[in-house]
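Student: File name query_20.txt; file contents compact mmCIF, C-alpha atoms; full text below.
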# COMPACT_ATOMS: atom_id res chain seq x y z
CA MET D 1 52.67 119.17 84.62
CA VAL D 2 54.14 118.01 87.90
CA MET D 3 57.11 115.78 87.21
CA ASP D 4 58.46 115.70 90.75
CA ASP D 5 56.15 112.88 91.75
CA LYS D 6 56.97 110.76 88.69
CA LYS D 7 59.47 107.98 89.28
CA VAL D 8 61.76 107.30 86.34
CA LEU D 9 63.94 104.19 86.12
CA ILE D 10 67.04 104.48 83.92
CA SER D 11 68.80 101.25 83.09
CA ASP D 12 72.08 101.36 81.17
CA ASP D 13 75.46 99.79 81.84
CA SER D 14 77.15 103.06 80.81
CA VAL D 15 77.36 105.51 83.70
CA LEU D 16 77.77 108.29 81.12
CA ALA D 17 74.57 107.32 79.29
CA ARG D 18 72.67 107.29 82.60
CA LYS D 19 74.05 110.71 83.54
CA GLN D 20 73.22 112.23 80.14
CA LEU D 21 69.66 110.92 80.18
CA LYS D 22 69.22 112.05 83.77
CA ASP D 23 70.52 115.55 82.91
CA ILE D 24 68.01 115.84 80.06
CA LEU D 25 65.13 114.59 82.22
CA LYS D 26 66.05 117.03 85.00
CA HIS D 27 65.75 119.81 82.45
CA PHE D 28 62.12 118.75 81.91
CA GLY D 29 61.34 118.75 85.62
CA CYS D 30 62.06 115.13 86.62
CA SER D 31 63.84 114.69 89.93
CA ASN D 32 62.88 111.25 91.16
CA PHE D 33 65.30 108.77 89.60
CA LEU D 34 66.07 105.10 90.03
CA GLU D 35 69.13 103.62 88.33
CA ALA D 36 70.17 100.15 87.22
CA SER D 37 73.33 99.03 85.45
CA ASN D 38 71.90 95.82 83.98
CA GLY D 39 68.57 94.26 83.03
CA GLN D 40 68.25 92.08 86.12
CA GLU D 41 68.73 95.08 88.41
CA ALA D 42 66.10 96.94 86.39
CA VAL D 43 63.57 94.13 86.86
CA ASN D 44 64.26 93.97 90.62
CA ILE D 45 63.99 97.75 91.04
CA TYR D 46 60.78 97.84 88.98
CA LYS D 47 59.14 95.23 91.21
CA GLU D 48 60.14 97.11 94.33
CA HIS D 49 59.34 100.70 93.26
CA ASN D 50 56.81 100.52 90.38
CA PRO D 51 58.23 103.51 88.45
CA ASP D 52 56.04 105.57 86.11
CA LEU D 53 58.47 105.39 83.22
CA VAL D 54 61.36 103.04 82.37
CA PHE D 55 64.27 103.64 79.99
CA LEU D 56 66.06 100.41 79.07
CA ASP D 57 69.26 100.13 77.06
CA ILE D 58 69.26 97.06 74.82
CA VAL D 59 72.82 95.81 75.20
CA MET D 60 73.55 95.29 78.89
CA PRO D 61 75.44 92.64 80.88
CA VAL D 62 73.69 89.96 82.99
CA MET D 63 70.31 90.56 81.32
CA ASP D 64 69.72 92.56 78.14
CA GLY D 65 66.97 95.11 77.56
CA VAL D 66 64.78 92.74 75.53
CA SER D 67 64.71 90.09 78.29
CA ALA D 68 64.19 92.76 80.95
CA THR D 69 61.24 94.15 78.94
CA LYS D 70 59.72 90.66 78.81
CA GLU D 71 60.08 90.15 82.58
CA ILE D 72 58.76 93.58 83.51
CA ILE D 73 55.73 93.26 81.21
CA ALA D 74 55.03 89.76 82.63
CA TYR D 75 54.95 91.36 86.10
CA ASP D 76 53.04 94.51 85.07
CA ALA D 77 51.39 94.62 81.64
CA SER D 78 50.84 98.37 81.98
CA ALA D 79 54.55 99.14 82.45
CA ASP D 80 55.66 102.09 80.32
CA ILE D 81 58.98 101.06 78.78
CA VAL D 82 61.09 103.11 76.40
CA ILE D 83 63.95 101.29 74.71
CA VAL D 84 67.21 103.15 74.23
CA SER D 85 68.79 101.80 71.08
CA SER D 86 72.37 102.12 69.83
CA VAL D 87 73.41 101.75 66.22
CA GLY D 88 73.53 98.14 65.14
CA THR D 89 70.76 96.99 67.47
CA GLN D 90 67.77 97.34 65.13
CA ALA D 91 66.96 93.62 65.23
CA GLN D 92 66.84 93.59 69.04
CA LEU D 93 64.80 96.78 69.01
CA LYS D 94 62.10 95.00 67.02
CA ASN D 95 62.11 92.16 69.58
CA ALA D 96 61.78 94.64 72.44
CA ILE D 97 58.71 96.21 70.80
CA ILE D 98 57.21 92.74 70.33
CA GLU D 99 57.81 92.05 74.04
CA GLY D 100 55.83 95.16 75.00
CA ALA D 101 58.11 98.22 74.90
CA ARG D 102 56.04 101.27 73.93
CA ASP D 103 58.63 103.55 72.44
CA PHE D 104 62.30 103.86 71.54
CA VAL D 105 64.99 106.53 71.31
CA GLN D 106 68.18 106.29 69.29
CA LYS D 107 71.59 107.00 70.82
CA PRO D 108 73.15 109.54 70.95
CA ILE D 109 70.04 110.82 72.74
CA GLN D 110 68.67 114.19 71.68
CA SER D 111 66.83 116.40 74.15
CA SER D 112 63.93 116.81 71.70
CA GLN D 113 63.31 113.03 71.64
CA ILE D 114 62.97 112.95 75.42
CA GLN D 115 60.79 116.05 75.45
CA GLU D 116 58.35 114.34 73.09
CA ILE D 117 58.24 111.22 75.27
CA ILE D 118 57.57 113.33 78.38
CA ASN D 119 54.94 115.48 76.64
CA VAL D 120 53.02 112.49 75.28
CA ARG D 121 52.88 110.83 78.70
CA PHE D 122 52.64 113.67 81.19
CA GLY D 123 51.48 116.69 79.17
CA GLY D 124 53.42 119.82 78.19
CA HIS D 125 56.22 121.15 80.37
CA MET W 1 88.35 115.92 55.82
CA TYR W 2 91.02 117.40 53.53
CA THR W 3 91.74 120.17 56.05
CA GLN W 4 93.03 117.54 58.45
CA VAL W 5 95.02 115.77 55.74
CA PHE W 6 96.35 119.16 54.60
CA GLY W 7 97.74 119.70 58.12
CA ASN W 8 99.49 116.35 57.87
CA TYR W 9 100.92 117.39 54.48
CA LEU W 10 102.28 120.65 55.92
CA LEU W 11 104.06 118.69 58.66
CA ASN W 12 105.50 116.12 56.27
CA THR W 13 106.87 118.74 53.90
CA GLY W 14 108.56 120.48 56.83
CA MET W 15 106.73 123.77 56.13
CA VAL W 16 105.50 123.92 59.72
CA THR W 17 106.49 122.38 63.03
CA THR W 18 104.06 120.47 65.22
CA ASP W 19 103.89 123.41 67.65
CA GLN W 20 103.21 125.91 64.85
CA LEU W 21 100.45 123.75 63.42
CA LEU W 22 98.92 123.20 66.86
CA SER W 23 98.92 126.94 67.50
CA ALA W 24 97.29 127.62 64.11
CA ILE W 25 94.63 124.95 64.67
CA SER W 26 93.83 126.41 68.09
CA THR W 27 93.40 129.89 66.59
CA GLN W 28 91.52 128.64 63.52
CA SER W 29 88.18 128.17 65.26
CA SER W 30 87.97 131.86 66.24
CA ALA W 31 89.54 133.26 63.04
CA HIS W 32 87.66 134.72 60.10
CA VAL W 33 88.92 134.35 56.61
CA ASN W 34 89.82 137.64 54.93
CA LEU W 35 88.93 138.73 51.44
CA GLY W 36 92.53 138.54 50.22
CA THR W 37 92.82 134.87 51.17
CA LEU W 38 89.54 134.16 49.41
CA ALA W 39 90.59 136.03 46.29
CA ILE W 40 93.82 134.00 46.07
CA HIS W 41 91.92 130.78 46.71
CA LYS W 42 89.46 131.58 43.91
CA GLY W 43 92.30 132.49 41.54
CA TYR W 44 91.15 136.09 41.14
CA MET W 45 94.37 137.49 42.57
CA THR W 46 97.94 136.30 42.97
CA ALA W 47 99.57 136.18 46.39
CA SER W 48 101.84 139.11 45.52
CA GLU W 49 98.85 141.24 44.41
CA ALA W 50 97.07 140.47 47.69
CA GLU W 51 100.22 141.31 49.66
CA ARG W 52 100.39 144.65 47.82
CA ILE W 53 96.82 145.44 48.92
CA PHE W 54 97.63 144.43 52.51
CA ILE W 55 100.52 146.92 52.45
CA LEU W 56 98.27 149.64 50.97
CA GLN W 57 95.80 148.99 53.79
CA THR W 58 98.48 150.02 56.31
CA HIS W 59 98.54 153.47 54.68
CA GLN W 60 94.86 153.98 53.82
CA ASP W 61 91.75 153.45 55.91
CA LYS W 62 89.95 151.41 53.26
CA ARG W 63 88.61 147.89 53.03
CA PHE W 64 90.50 145.21 51.09
CA GLY W 65 87.75 144.90 48.47
CA GLU W 66 87.59 148.65 47.92
CA LEU W 67 91.35 148.91 47.33
CA ALA W 68 91.43 145.78 45.15
CA VAL W 69 88.75 147.29 42.89
CA GLU W 70 90.59 150.62 42.79
CA GLN W 71 93.81 148.87 41.76
CA GLY W 72 91.97 146.88 39.08
CA TYR W 73 92.60 143.46 40.61
CA LEU W 74 88.95 142.69 41.32
CA THR W 75 85.59 143.77 39.91
CA PRO W 76 82.80 144.86 42.31
CA GLU W 77 80.90 141.72 41.25
CA GLN W 78 83.84 139.51 42.26
CA VAL W 79 84.01 141.22 45.66
CA THR W 80 80.30 140.52 46.22
CA GLU W 81 80.78 136.89 45.15
CA LEU W 82 83.76 136.44 47.50
CA LEU W 83 81.87 137.94 50.42
CA GLN W 84 79.08 135.41 49.91
CA SER W 85 81.27 132.37 49.32
CA GLN W 86 81.85 129.43 51.64
CA VAL W 87 85.34 128.98 53.00
CA PRO W 88 87.06 125.59 53.01
CA GLY W 89 88.80 124.88 56.31
CA TYR W 90 92.26 124.49 54.83
CA VAL W 91 92.10 128.05 53.41
CA LEU W 92 91.48 129.39 56.91
CA LEU W 93 94.27 127.23 58.33
CA GLY W 94 96.63 128.66 55.69
CA GLN W 95 95.56 132.21 56.50
CA VAL W 96 96.19 131.73 60.22
CA LEU W 97 99.70 130.37 59.44
CA ILE W 98 100.32 133.47 57.30
CA GLU W 99 99.05 135.81 60.02
CA GLN W 100 101.24 134.08 62.58
CA GLY W 101 104.27 134.65 60.33
CA VAL W 102 104.96 130.95 59.84
CA ILE W 103 104.65 131.12 56.05
CA SER W 104 104.15 133.88 53.48
CA ALA W 105 101.11 134.23 51.22
CA THR W 106 103.26 133.23 48.24
CA GLN W 107 104.51 130.13 50.05
CA MET W 108 100.90 129.21 50.90
CA GLN W 109 99.88 129.55 47.25
CA ASN W 110 102.78 127.32 46.21
CA ILE W 111 102.00 124.75 48.91
CA VAL W 112 98.38 124.47 47.74
CA THR W 113 99.50 124.10 44.11
CA ASP W 114 102.00 121.36 45.07
CA TYR W 115 99.42 119.65 47.28
CA CYS W 116 96.82 119.55 44.51
CA SER W 117 99.43 118.35 42.05
CA GLU W 118 100.70 115.56 44.34
CA PHE W 119 97.23 114.31 45.12
CA GLU W 120 96.01 114.87 41.54
CA ILE W 121 93.18 117.08 42.78
CA ASP W 122 91.45 119.47 40.41
CA ASP W 123 89.07 120.90 42.96
CA LEU W 124 89.77 120.63 46.67
CA GLU W 125 86.15 121.19 47.53
CA GLU W 126 84.94 117.99 45.96
CA TYR W 127 83.74 115.62 48.65
CA GLU W 128 84.54 112.56 46.54
CA GLU W 129 88.24 113.20 46.95
CA GLN W 130 88.14 112.60 50.71
CA SER W 131 88.46 108.86 50.42
CA ASP W 132 91.50 109.13 48.15
CA LEU W 133 93.20 111.54 50.51
CA VAL W 134 92.66 109.22 53.45
CA HIS W 135 93.86 106.33 51.30
CA HIS W 136 97.07 108.25 50.62
CA LEU W 137 97.47 108.94 54.33
CA LEU W 138 97.19 105.22 54.98
CA SER W 139 99.64 104.18 52.29
CA ASP W 140 102.06 102.88 54.93
CA ILE W 141 99.66 100.10 55.87
CA ASP W 142 100.81 96.87 54.31
CA SER W 143 98.23 94.21 53.79
CA GLU W 144 98.50 91.76 50.95
CA ASP W 145 94.77 91.26 50.96
CA GLU W 146 93.09 93.95 48.83
CA ASP W 147 89.71 93.41 50.52
CA ILE W 148 91.27 93.90 53.95
CA ARG W 149 92.89 97.12 52.76
CA GLU W 150 89.51 98.35 51.56
CA TYR W 151 87.90 97.55 54.92
CA ILE W 152 90.71 99.34 56.79
CA ASN W 153 90.23 102.31 54.49
CA GLU W 154 86.47 102.36 55.20
CA TYR W 155 87.08 101.90 58.90
CA LEU W 156 89.51 104.80 59.20
CA LEU W 157 87.59 107.13 56.91
CA LEU W 158 84.61 106.55 59.20
CA LEU W 159 86.83 107.20 62.24
CA PHE W 160 87.93 110.57 60.89
CA ASN W 161 84.35 111.49 60.04
CA ASN W 162 83.21 110.46 63.53
CA LEU W 163 85.97 112.51 65.12
CA ILE W 164 84.77 115.52 63.11
CA ARG W 165 81.15 114.79 64.02
CA PHE W 166 81.51 114.05 67.72
CA ILE W 167 84.77 115.66 68.88
CA GLY W 168 85.63 118.48 66.46
CA ASP W 169 87.33 119.18 63.14
CA ASP W 170 90.37 120.89 64.66
CA PHE W 171 92.70 117.90 64.41
CA THR W 172 95.55 116.72 62.26
CA PRO W 173 96.35 113.05 61.80
CA LEU W 174 100.09 112.52 62.25
CA ASN W 175 101.97 109.79 60.42
CA VAL W 176 100.96 106.20 61.01
CA ILE W 177 103.31 104.14 63.20
CA LYS W 178 103.61 100.38 62.81
CA ILE W 179 104.46 98.74 66.11
CA PRO W 180 103.73 95.27 67.57
CA GLU W 181 103.42 96.44 71.20
CA VAL W 182 102.09 99.73 72.56
CA PRO W 183 102.59 100.93 76.13
CA THR W 184 99.31 102.66 76.99
CA GLU W 185 98.11 105.10 79.67
CA ARG W 186 94.30 105.31 79.67
CA CYS W 187 93.26 102.75 77.11
CA THR W 188 89.84 101.57 75.94
CA SER W 189 89.74 98.68 73.48
CA GLN W 190 87.09 96.77 71.55
CA SER W 191 87.17 93.72 69.26
CA LEU W 192 85.26 93.27 66.02
CA ASN W 193 84.86 89.88 64.39
CA CYS W 194 83.49 88.50 61.17
CA SER W 195 84.12 85.46 59.01
CA SER W 196 87.03 86.99 57.10
CA PHE W 197 88.81 89.31 59.55
CA HIS W 198 89.34 90.32 63.16
CA ILE W 199 89.86 93.95 64.13
CA GLU W 200 91.23 95.01 67.47
CA SER W 201 90.62 98.71 68.06
CA ALA W 202 91.71 100.94 70.92
CA LEU W 203 91.80 104.55 72.06
CA ASP W 204 94.67 105.59 74.28
CA MET W 205 95.57 108.99 75.71
CA GLU W 206 97.05 110.76 78.71
CA PRO W 207 94.55 111.37 81.53
CA ALA W 208 94.38 115.16 80.92
CA VAL W 209 93.80 114.60 77.20
CA ALA W 210 91.10 112.06 78.03
CA VAL W 211 89.33 114.64 80.21
CA ALA W 212 89.28 117.16 77.34
CA PHE W 213 88.26 114.50 74.81
CA ALA W 214 85.41 113.30 77.03
CA SER W 215 84.23 116.85 77.75
CA ARG W 216 83.83 117.46 74.04
CA TYR W 217 82.18 114.11 73.37
CA ALA W 218 79.69 114.32 76.24
CA LYS W 219 79.23 118.11 75.85
CA ASP W 220 80.00 118.40 79.54
CA GLU W 221 82.75 119.96 81.65
CA PHE W 222 84.75 117.18 83.27
CA GLU W 223 87.57 118.24 85.54
CA GLU W 224 89.40 115.03 86.34
CA PHE W 225 89.76 111.51 85.00
CA ASP W 226 86.75 109.79 86.54
CA GLU W 227 84.13 107.19 85.67
CA TYR W 228 82.35 109.60 83.30
CA VAL W 229 85.53 110.26 81.34
CA ARG W 230 86.24 106.55 81.09
CA ALA W 231 82.64 105.90 80.02
CA SER W 232 82.90 108.64 77.37
CA MET W 233 85.95 106.95 75.82
CA GLU W 234 84.12 103.62 75.80
CA ASP W 235 81.00 105.23 74.41
CA PHE W 236 82.83 106.93 71.54
CA LEU W 237 84.68 103.76 70.56
CA ASN W 238 81.50 101.71 70.83
CA LEU W 239 79.55 104.22 68.75
CA HIS W 240 82.23 104.37 66.07
CA ASN W 241 82.53 100.59 65.86
CA GLY W 242 78.75 100.23 65.92
CA LEU W 243 78.43 102.53 62.91
CA PHE W 244 81.13 100.50 61.14
CA VAL W 245 79.14 97.32 61.81
CA VAL W 246 76.05 98.92 60.25
CA ASN W 247 78.04 100.13 57.22
CA MET W 248 79.61 96.70 56.69
CA SER W 249 76.18 95.11 56.77
CA ASN W 250 74.64 97.67 54.42
CA ASP W 251 77.51 98.13 51.95
CA PHE W 252 79.24 94.74 51.94
CA SER W 253 76.50 92.40 53.24
CA MET W 254 78.98 91.34 55.90
CA GLU W 255 77.89 90.58 59.46
CA VAL W 256 80.39 91.86 62.00
CA THR W 257 79.98 91.24 65.73
CA LEU W 258 81.11 93.62 68.43
CA GLU W 259 82.56 92.69 71.82
CA PRO W 260 81.92 94.99 74.81
CA PRO W 261 84.62 97.68 75.24
CA VAL W 262 87.32 96.99 77.81
CA THR W 263 89.37 99.63 79.64
CA GLN W 264 92.75 99.26 81.27
CA ASP W 265 95.36 101.65 82.66
CA ASP W 266 99.13 101.68 82.18
CA SER W 267 99.27 98.39 80.34
CA LEU W 268 101.19 96.97 77.41
CA PHE W 269 98.88 96.57 74.45
CA SER W 270 100.29 93.68 72.46
CA LEU W 271 98.56 92.75 69.21
CA GLY W 272 101.25 91.36 66.92
CA GLU W 273 102.83 92.46 63.68
CA SER W 274 99.95 94.19 61.91
CA THR W 275 99.33 96.80 64.58
CA TYR W 276 99.25 100.49 63.73
CA ILE W 277 99.04 103.62 65.84
CA PHE W 278 97.27 106.63 64.36
CA PRO W 279 98.31 109.66 66.43
CA ILE W 280 95.68 112.37 66.04
CA MET W 281 96.70 115.82 67.18
CA PHE W 282 94.03 118.05 68.75
CA PRO W 283 94.70 121.42 70.42
CA PHE W 284 94.18 119.68 73.78
CA GLY W 285 96.72 116.92 73.07
CA ILE W 286 97.32 113.77 71.10
CA VAL W 287 94.77 110.97 70.90
CA HIS W 288 96.23 107.61 69.89
CA PHE W 289 93.97 105.38 67.88
CA ILE W 290 95.35 101.85 67.76
CA CYS W 291 94.17 99.39 65.18
CA SER W 292 95.15 95.84 64.35
CA VAL W 293 93.57 93.89 61.51
CA HIS W 294 94.08 90.17 60.94
CA SER W 295 92.72 88.21 58.04
CA LYS W 296 91.21 84.86 58.98
CA GLU W 297 91.78 83.28 55.59
Would you put the structure from the file into structure tokens?
Tutor:
Amino acid sequence: MVMDDKKVLISDDSVLARKQLKDILKHFGCSNFLEASNGQEAVNIYKEHNPDLVFLDIVMPVMDGVSATKEIIAYDASADIVIVSSVGTQAQLKNAIIEGARDFVQKPIQSSQIQEIINVRFGGH
Amino acid sequence: MYTQVFGNYLLNTGMVTTDQLLSAISTQSSAHVNLGTLAIHKGYMTASEAERIFILQTHQDKRFGELAVEQGYLTPEQVTELLQSQVPGYVLLGQVLIEQGVISATQMQNIVTDYCSEFEIDDLEEYEEQSDLVHHLLSDIDSEDEDIREYINEYLLLLFNNLIRFIGDDFTPLNVIKIPEVPTERCTSQSLNCSSFHIESALDMEPAVAVAFASRYAKDEFEEFDEYVRASMEDFLNLHNGLFVVNMSNDFSMEVTLEPPVTQDDSLFSLGESTYIFPIMFPFGIVHFICSVHSKE
């Protein structure tokens, strides 16, 4: 599996959450990252760079993850979006899946969850 | 949880100083409980019998269990059982204090007896007692509303469990301080609202303590107070409050909303009369949890 050529967009208003997810993804061979701190930024970056995989936090300022999912899917129906869900956001998670998100991971993120997502999409590491 | 409350009890009874407790807690994680401590804990030997074996060990190259069997204090079956038993944290804390010369084995035995008697505990290992112990710790909180008291109890029991889960169990909650205004250093706060109450919660600590706290939380090695450390404090508070929101919904059918966390440096945190500081002592320093609860009815 060659992960170097895969572009991964990470959108979370927490700089720590972005760093932790990036550290885990690096461990599985990813090196090409795009970052956004809110949903609107994520939509703009998606339209400009067409990443292979998108991680979207649900609760973000300016535009939340559910709305961002809706906008990205409207632009590109094949977009591969994984929702990152915190405790207490189960209702929004359901909405994000309805809007077209393909998968979700629960915070605090475990390395094994990300490994499974990578394996399913890009084959074994 | 009772290990942490036990540390608080030791401080309040004047048996140990803050520095002695901190030193013992720091050593605790690398210490191993010895058979003598276990035998006293299980009630198979008295403290003076164990001390006699310890003295014999200085003259003979034999294991504690071997000598205890020879002296008729333990059976071989009891030694095997003790070697296979699980050790409660407070037993280890007591042993470290004994080894550091802060208290004697007899004093430790008496302290545990008094502690169980005061808290009306038959068996310290019973999980169900945790809530009562925390309730006792929070007895200084004065709210006329019984429901509010119950919510505060739930909120803080969850906090202690989350500290154990995400930061570490090597802490001791110091006594609660009631204060209307709190001068803070590195402070992260978050509001919770529902139809019957409003909770203002905050974490405050010195920058160096925040770096150590964040390093544990994020399982990373931060070296200075930076954006990652700040984000870790926000993340922990947000996670804790988020879990409380879920529990309130599941257990009390109460919908609580959460505001985004806010951070500020060197400010005066002013919340009114019903504001409490919960100083929580870790080996790396003291974390101040600030909580203010106001009934809306």
Student: Given a cut-off of 7 Å, which residues of chain W touch chain D, counting all atoms listed in the file, written out as a PyMOL selection string?
Tutor: chain W and resi 228+231-232+242-243+245-246
Student: Taking (96.1, 120.2, 60.7) as a centre in this file's frame and 6 Å as the limit, can you find every polymer residue with an atom that close, using all atoms listed in the file, and give them as a list of chain:residue names?
Tutor: W:Gln4, W:Gly7, W:Asn8, W:Phe171, W:Thr172
Student: Residues around (64.2, 105.9, 83.2), cut-off 7 Å, counting all atoms listed in the file - what are they as a PDB file with C-alpha atoms, keeping the file's coordinate frame?
Tutor:
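What landed in part02.pdb:
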ATOM      1  CA  VAL D   8      61.760 107.300  86.340  1.00  0.00           C
ATOM      2  CA  LEU D   9      63.940 104.190  86.120  1.00  0.00           C
ATOM      3  CA  ILE D  10      67.040 104.480  83.920  1.00  0.00           C
ATOM      4  CA  SER D  11      68.800 101.250  83.090  1.00  0.00           C
ATOM      5  CA  LEU D  53      58.470 105.390  83.220  1.00  0.00           C
ATOM      6  CA  VAL D  54      61.360 103.040  82.370  1.00  0.00           C
ATOM      7  CA  PHE D  55      64.270 103.640  79.990  1.00  0.00           C
TER       8      PHE D  55
END
Student: Measuring atom to atom with all atoms listed in the file, identify which of D:Asp76, D:Thr69, D:Gln115, D:Phe122 is nearest to Asp4 (chain D).
Tutor: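 Looking at the shortest contact to Asp4 (chain D), the residue is D:Phe122.
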Student: Could you work out how far CA of Val105 (chain D) lies from CA of Pro260 (chain W), giving the answer in Å with one decimal?
Tutor: 20.8 Å
Student: State, in Å with one decimal place, the distance from CA of Asn12 (chain W) to CA of Val33 (chain W).
Tutor: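 We find that CA of Asn12 (chain W) and CA of Val33 (chain W) lie 24.6 Å from each other.
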Student: Quick one: residues within 10 Å of Met3 (chain D), only C-alpha atoms counted, chain neighbours fewer than 4 positions away excluded, as a PyMOL selection string?
Tutor: chain D and resi 7-8+25-26+28-32+118+122-123+125
Student: Could you work out how far CA of Asn38 (chain D) lies from CA of Asn119 (chain D), giving the answer in Å with one decimal?
Tutor: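 Pair CA of Asn119 (chain D) / CA of Asn38 (chain D) returns 27.0 Å.
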Student: Which residue is closest to Cys187 (chain W)? Choose from W:Arg230, W:Arg52, W:Arg165, W:Lys42 and count all atoms listed in the file.
Tutor: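 Using all atoms listed in the file, Cys187 (chain W) sits closest to W:Arg230.
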Student: Which residues are close to Thr13 (chain W), i.e. within 12 Å by only C-alpha atoms, leaving aside same-chain residues fewer than 5 positions away? Reply as a ChimeraX atom specification.
Tutor: /W:6-8,18,111-112,114-115,118
